[in-house]
Amino acid sequence: MLTQRDLFFRHVALPSRKPLALEIERAEGINMYDIYGKKFIDLVSGVTVSNIGHRHPAVLKAVEDQLGKYMHLMVYGKYIQSPQVKLAKHLADLLPEDLKTCYFVSSGIEAIEGAMKLAKRYTGRTEIIAFRNAYHGGTQGALSILGSETLKNAFRPLLPDIRFLTFNSFPDLDYISEKTACVVTEPIQAEAGIILPVPGFLQALRDRCNQASALLVYDEIQMAFGRTGRLFCLEHEQIVPDILCLAKSMGGGMPLGAFISSREIMGSLACNPELGHITTFGGHPVCCAAAIANLEVLTAGDIIQQVQAKGELFYRLLKDHSLIKEIRYKGLMMAVELESEEMTNEVVHRLAENGLVVDQFLFRPAAFRIAPPLIIEENQIMEVCSVITMVLDKFSSK
Ligand SMILES: Cc1ncc(COP(=O)(O)O)c(C=O)c1O
């Protein structure tokens with residue numbers, strides 16, 4: 001008889017030939033358990049989704065309560081649905097003045113697509129600028145601004161009028177002009193291997209966008225909801241984008257995304273022509289209910305306040321290992337760079353054998369990601385780092 005693993009490889013379409021293919025039966029907090037009862041500590045959080053851990057009781061309760069009322073009622077924006085309204089108000093209370101109007105969607109890619117369309121629609125311009133080594137998703141609009149030729153070349157023609165700049169290059173900002181509808185950037189480049197902005201770069205980008213009347217779009221899809229030690233990454237430098245894209249951890253484990261802007265900018269999607277963006281499942285009420293609980297958990301306690309210290313603890317415990325070339329991090333978003341891609345491939349597999357799940361970055365495969373649920377405790381960080389050290393030690397003595 002075919003096992004579930006056999007059926008997975010036979011019938012589930014896969015985006016790559018080398019999935020980690022763990023067979024997880026249940027997950028709780030920072031832990032996942034496979035069908036053989038083996039425990040794994042999740043150091044990826046489903047790529048920055050499970051910020052408050054798997055199956056947080058507050059999220060479970062919110063989901064159950066909402067299931068008792070209604071699930072999908074109507075395509076987005078037609079009915080007044082209480083979970084959407086409450087979540088939009090909650091986000092508005094937490095975000096700066098120009099980010100008070102929230103367009104709910106179902107995923108990060110859809111948030112990016114919506115933001116690009118909104119910028120074109122509002123400015124009447126067509127050029128979109130993005131950064132090399134940025135990942136914003138794989139649909140054709142998002143792919144057009146993906147900063148890697150390898151992943152997108154086979155899908156051309158893509159959107160015209162796209163230009164790429166180098167992240168942290170001040171001279172490159174001169175390419176932003178009166179033709180530019182928007183510049184899309186992550187405030188910290190994630191898939192490039194956690195590349196932090198150099199001091200002044202994001203402010204210079206904001207200033208240049210203002211001069212050219214181009215919109216600035218922040219993709220905080222990986223970085224928001226406490227990951228970098230602030231609820232939103234934009235808080236670190238007090239720079240306010242014109243459009244903010246959110247997803248991943250927004251729904252506390254449920255699929256949800258949003259692009260957020262001012263009422264004035266957002267208004268352009270609703271006229272000449274109307275229906276500037278249409279989505280059936282965007283802002284699904286059960287997901288919005290989960291997202292409210294997620295926000296309440298994150299803002300009520302001191303989870304976020306502890307994030308930077310926890311990141312520093314990881315850094316201190318790992319930084320002196322001879323196989324580690326560099327660690328780049330902000331809060332609990334960390335890239336651990338080894339000597340080569342081959343070595344990192346093998347380390348990732350050995351860590352999984354030893355019960356730790358990490359993964360590699362799209363554009364920096366010699367580095368592995370450490371992005372655990374933010375609720376990871378100090379003693380768990382010490383346990384994790386001793387396993388990583390043990391695996392790396394065995395590797396160096398090979
Ligand atoms: C920075 C960034 N933007 C956008 C996306 C696309 O999000 P989604 O996969 O939810 O569509 C991702 C996904 O990994 C991402 O990391």
# chains A, B, ... in the order shown; residues from 1 in each chain; ligands from 1
>>> residues_around(residues="Val348 in chain A", least_positions_apart="3", cutoff="9 Å", atoms="only C-alpha atoms", output="list in words")
Met343, Thr344, Asn345, Leu351, Ala352, Glu353, Leu356, Val357, Val358, Asp359, Gln360 and Phe368 of chain A
>>> residues_near_ligand(ligand="ligand 1", cutoff="10 Å", atoms="only C-alpha atoms and all ligand atoms", output="PyMOL selection string")
chain A and resi 46-49+106-113+134-139+142+146+185-192+218-223+245-249+255-257+361-362
>>> closest_residue(among="A:Ser386, A:Asn153, A:Ser144, A:Gln4", to="Val184 in chain A", atoms="only C-alpha atoms")
A:Ser144
>>> closest_residue(among="A:Leu317, A:Leu298, A:Ile128, A:Leu338", to="Ala58 in chain A", atoms="only C-alpha atoms")
A:Leu298
>>> residues_around(residues="Lys100 in chain A", least_positions_apart="2", cutoff="8 Å", atoms="only C-alpha atoms", output="PyMOL selection string")
chain A and resi 88+91-93+95-98+102+260-263
>>> atom_distance(atom1="CA of Ala300 in chain A", atom2="CA of Met333 in chain A")
21.7 Å
>>> decode(residues="range 104-138 of chain A", atoms="C-alpha atoms", output="compact mmCIF listing (two decimals), in the first residue's frame")
# COMPACT_ATOMS: atom_id res chain seq x y z
CA PHE A 104 -7.75 43.08 3.06
CA VAL A 105 -6.55 40.30 0.78
CA SER A 106 -5.63 36.64 1.23
CA SER A 107 -1.85 36.51 0.92
CA GLY A 108 1.40 38.43 0.63
CA ILE A 109 1.49 38.19 -3.14
CA GLU A 110 -1.99 39.65 -3.38
CA ALA A 111 -0.99 42.52 -1.10
CA ILE A 112 1.96 43.27 -3.38
CA GLU A 113 -0.20 43.05 -6.51
CA GLY A 114 -2.74 45.38 -4.92
CA ALA A 115 -0.05 47.86 -3.89
CA MET A 116 1.49 47.96 -7.38
CA LYS A 117 -1.91 48.48 -9.00
CA LEU A 118 -2.83 51.15 -6.47
CA ALA A 119 0.41 53.07 -7.10
CA LYS A 120 -0.11 52.98 -10.88
CA ARG A 121 -3.72 53.98 -10.52
CA TYR A 122 -3.08 56.84 -8.07
CA THR A 123 -0.05 58.36 -9.81
CA GLY A 124 -1.10 57.66 -13.40
CA ARG A 125 2.49 56.49 -13.99
CA THR A 126 3.75 53.10 -15.06
CA GLU A 127 7.35 52.69 -13.89
CA ILE A 128 7.89 50.53 -10.84
CA ILE A 129 11.24 50.38 -9.10
CA ALA A 130 12.40 47.51 -6.91
CA PHE A 131 15.67 46.24 -5.49
CA ARG A 132 18.03 43.51 -6.56
CA ASN A 133 17.76 40.32 -4.49
CA ALA A 134 14.28 41.22 -3.28
CA TYR A 135 11.53 38.62 -3.17
CA HIS A 136 7.94 39.84 -3.26
CA GLY A 137 6.14 36.74 -4.52
CA GLY A 138 5.68 34.63 -7.63
